[in-house]
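To start, the structure itself, in structure tokens.
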Amino acid sequence: MDPPVGTRRRTAGTSLQSGSTRSSETDPDERYLSTFSQRGSFQAATESSRTNLLVASTLTLLAFLTRFYKINNPDEVVFDEVHFGKFAAYYIRGEYYFDVHPPFAKMLLGAAGWFAGFDGNFNFENIGDSYTEHHVPYIGLRALPATLGALTVPIVYAIMKESGYSTIIAAFSAILVLLDNAHIAQDRLILLDAQLIFFTALTIYTYIRFKKLRYNEFSGEWWTWLVATGVCLACCLGCKINGILIFLTIGTAVLVDLWDLLDIRKGYSMEHFTRHFVARAIGLIIVPIMVYLSFFWVHFATLPRSGAGDSFMSPAFQETLAGNEMLLNSQELRYYDVVTMKHKETKVFLHSHKEQYPLKYEDGRISSQGQQVTGYGHNDTNNHWQIVPTKALPATGRGRVVRHDDVIQLLHVNTQTFLLTHDVASPHMPTNQEFTTWPKDDISRYNDTLFQLSIIDADDGQEWKTKSGYFRLIHGPTRVSMWTHKKPLPDWGFKQQEINGNKNAQEKTATWYVDSLISAEDEEDFQSRTATRAAKEPKKMNFFKKFFELQLLMLQHNAGLTASHPYASNPINWPFLISGISFWTDSKDQRQIYLIGNIVSWWTCTITLSIFVGVLGADLLARRRGIEPIPDPVRNRLWNNAGLFTIGWATHYFPFFLFSRQLFVHHYLPSHLFSALVAGAVLNFVMSETINYPISIRGRNMRMRPTQYSDIGPKALAVVAAFTVAMFLTLLFIAPLTYGTPGLDGEQVNRRRLLSTWTLHFAAKKTDHTI
């Protein structure tokens, strides 16, 4: 048996390649075999199948205990349960809703609620609403994320074991997740992150199982784990929109793999490379797409009725929902009809009143002193506008119907003035045009009262309808689009919304619709059009049209979550636990749930990431000088396995620096999972220069090498035990903030503020005592 190899130096002129021609199927870990070892009695005991089962079972049991402990507390709506509990209720009631995230995790919550006997009649309106008073089986709903969160712990353990690490090292990585307060707090509530993290861990596990079969390529088992990886990828994206980040992790690994297969020195043909490329395209692109599409097919099928999400969707989409107002009450519009119009985004009526704009605004700009045109949130006769034609009409018939691209005038009924815009700056926005009105009998500014009716997604000649006819009103001479925003006007405008002309005629938020038909030129015709009708059969719409419309809206609204939040945080703070999130408070008993991680776990993971990067950097520099400080099998394991974990951490962390939306510390939880895997790999490197090797499943093309075992011993066990005790004590100390019980007095709260940046409730104020 060869002695262990320490630092080696290559002599000048020595080739870096082996003198023999290597098989194209050689395991990267087998490039150099410098150490052969046998298991000692300690290693044999800790690595036995019995010990492995015992450790995995213990970790799983503890995971369930920590997640389900007092899961009934509090019996009130907590944090984002107001959203995701509500979505689960919609599935049970079959009512359509809209959310910025894909539906898979929420469908699981809906299924859990149905299984627990939830009837869907609790609306999760406010944080603090009582579940007990409304007889909501909320424990059943919370049990789903708690179960998946608990199962994540043994999956982390299995990932490390499948990667070739010892039982002690695998348990260490699992314990970093098991005893983490942030994971526990997030897993116990009706939220989406537990599902996302579970499927993220499962994706890494299935991909490692697939990679271990690389010497059994294209076998049934090889295809099974490849397709399983693709299914898990789809499940990640199906849980939350940021689940797409796992595609970057696996995609990076696949690109490295394919690049290796393309190396001519490996002896592969292009036909062989193409087969691998096509297989991965099927398993990791086509399969995820099909599974992801299936989530939305089920989503649409289980939400057939009109609901809270209708108004986000296009009229064509809304008319596919049973009971939708557009389907029931959409009425064709004709010239000289009197209508009310609403802005799609802010829901204010187009409104005018006899009061005029002030001569001079606060910034010194001059107005036209014309009649004010505003957005008003309440129903009022000053919201009534008559549609006036600009062309000759037949006395009767279809020629009197208002259609897409018609040029019209809008007459304000109460003041008998036409809507007008001109090249005068609006009150709030100097770059946008002022909207006002002009007397009906004064034709001197006729052209400035002309507007083109642009019905969104309409065909030529399409009729304009109430409710369903979303439109933009584009000014003829200046081509600005009528628009509004939420900033109110000053007191002279009665705090109503400003209406102005947006120079981007196709601005998506410049969308309006006719809310109601007030009267018509012909009373008999009006009665006929507004008479109560029998319920209509919902219309059909192509699945892919519905799918792509929803995807676009999800992306747009996700990017639009830019409003400030008191507990939003910057990604640079997350690895260091600079701040957390207040989930829930109870002033009576001074109880609170504050999402914050276990500082021992998080700081350990952050430090080990730094160590890993430092080790690789030092190794690269040493090898540049002809020195090999790390045995080749260990180096290859660091690069190929711990490197994958580090890529997972980076791809789930750094993209958040590019996001402009609200961000919270819980967005770091998938990255923390990966950093726990890196921490195990680094601990293995620090405690031993050996690894379990080889770990790939043997195949007919695999070049046989002597087996090597890791010599991880009692010292590593002692280190892991010390970390476990430290993490457990920290978990217990912060537990009242994690579980929301028991209540703490001000001094007790202060003691649990381990960092001064944690914004805890009910903290005692510091006072100066003078004698």
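Chain labels follow the order of the structure tokens: the first chain is A, the next B, and so on; residue numbering restarts at 1 in every chain, and ligands are counted from 1 in their shown order.
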If we count only C-alpha atoms, what is near Ala89 of chain A at a cut-off of 12 Å, once residues fewer than 5 positions away on the same chain are taken out, given as a ChimeraX atom specification? /A:81-84,94-97,106-114,117-125,136-138,141,190,302-303,307-308
Using the chain letters and numbers from this document, which residues of segment 567-763 of chain A does DSSP assign to strand (DSSP E), as a ChimeraX atom specification? /A:581-586,591-595,627-628
Could you list, as an mmCIF file with all heavy atoms, in the first residue's frame, every residue within 6 Å of segment 655-667 of chain A, counting only C-alpha atoms and ignoring same-chain residues fewer than 6 positions away?
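out38.cif was written with the following content:
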data_model
loop_
_atom_site.group_PDB
_atom_site.id
_atom_site.type_symbol
_atom_site.label_atom_id
_atom_site.label_comp_id
_atom_site.auth_asym_id
_atom_site.auth_seq_id
_atom_site.Cartn_x
_atom_site.Cartn_y
_atom_site.Cartn_z
ATOM 1 N N ALA A 559 -42.059 42.210 -11.079
ATOM 2 C CA ALA A 559 -41.093 43.306 -11.204
ATOM 3 C C ALA A 559 -41.637 44.597 -10.607
ATOM 4 O O ALA A 559 -40.875 45.486 -10.222
ATOM 5 C CB ALA A 559 -40.737 43.518 -12.677
ATOM 6 N N LEU A 561 -43.194 44.936 -7.779
ATOM 7 C CA LEU A 561 -43.260 44.944 -6.309
ATOM 8 C C LEU A 561 -42.104 45.767 -5.745
ATOM 9 O O LEU A 561 -41.185 45.250 -5.114
ATOM 10 C CB LEU A 561 -43.199 43.509 -5.773
ATOM 11 C CG LEU A 561 -44.361 42.593 -6.171
ATOM 12 C CD1 LEU A 561 -44.124 41.172 -5.682
ATOM 13 C CD2 LEU A 561 -45.678 43.134 -5.603
ATOM 14 N N THR A 562 -42.159 47.054 -5.988
ATOM 15 C CA THR A 562 -41.050 47.936 -5.627
ATOM 16 C C THR A 562 -41.368 48.835 -4.435
ATOM 17 O O THR A 562 -40.517 49.625 -4.025
ATOM 18 C CB THR A 562 -40.661 48.814 -6.821
ATOM 19 O OG1 THR A 562 -41.819 49.552 -7.259
ATOM 20 C CG2 THR A 562 -40.149 47.960 -7.972
ATOM 21 N N ALA A 568 -37.992 44.913 4.625
ATOM 22 C CA ALA A 568 -37.209 44.581 3.431
ATOM 23 C C ALA A 568 -35.726 44.778 3.745
ATOM 24 O O ALA A 568 -35.351 45.592 4.587
ATOM 25 C CB ALA A 568 -37.635 45.455 2.255
ATOM 26 N N SER A 569 -34.870 44.014 3.080
ATOM 27 C CA SER A 569 -33.438 44.079 3.361
ATOM 28 C C SER A 569 -32.637 43.897 2.086
ATOM 29 O O SER A 569 -33.142 43.390 1.078
ATOM 30 C CB SER A 569 -33.042 43.021 4.399
ATOM 31 O OG SER A 569 -33.446 41.731 3.982
ATOM 32 N N TRP A 574 -27.824 39.466 4.049
ATOM 33 C CA TRP A 574 -28.437 38.181 4.367
ATOM 34 C C TRP A 574 -27.481 37.148 4.974
ATOM 35 O O TRP A 574 -27.832 36.532 5.988
ATOM 36 C CB TRP A 574 -29.116 37.595 3.124
ATOM 37 C CG TRP A 574 -30.234 38.422 2.596
ATOM 38 C CD1 TRP A 574 -30.892 39.432 3.246
ATOM 39 C CD2 TRP A 574 -30.833 38.331 1.298
ATOM 40 N NE1 TRP A 574 -31.861 39.967 2.430
ATOM 41 C CE2 TRP A 574 -31.845 39.320 1.235
ATOM 42 C CE3 TRP A 574 -30.619 37.527 0.192
ATOM 43 C CZ2 TRP A 574 -32.631 39.502 0.109
ATOM 44 C CZ3 TRP A 574 -31.393 37.710 -0.940
ATOM 45 C CH2 TRP A 574 -32.395 38.675 -0.983
#
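Straight-line separation from atom CA of Val100 of chain A to atom CA of His557 of chain A: 6.2 Å.
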Work out how far apart atom CA of Leu54 of chain A and atom CA of Ile204 of chain A are and give it in Å to one decimal.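 Separation between atom CA of Leu54 of chain A and atom CA of Ile204 of chain A: 23.0 Å.
Compared by their closest atoms to Asp589 of chain A, and using only C-alpha atoms, the residues A:Tyr69, A:Phe543, A:Trp297, A:Phe762 rank with A:Phe762 nearest.
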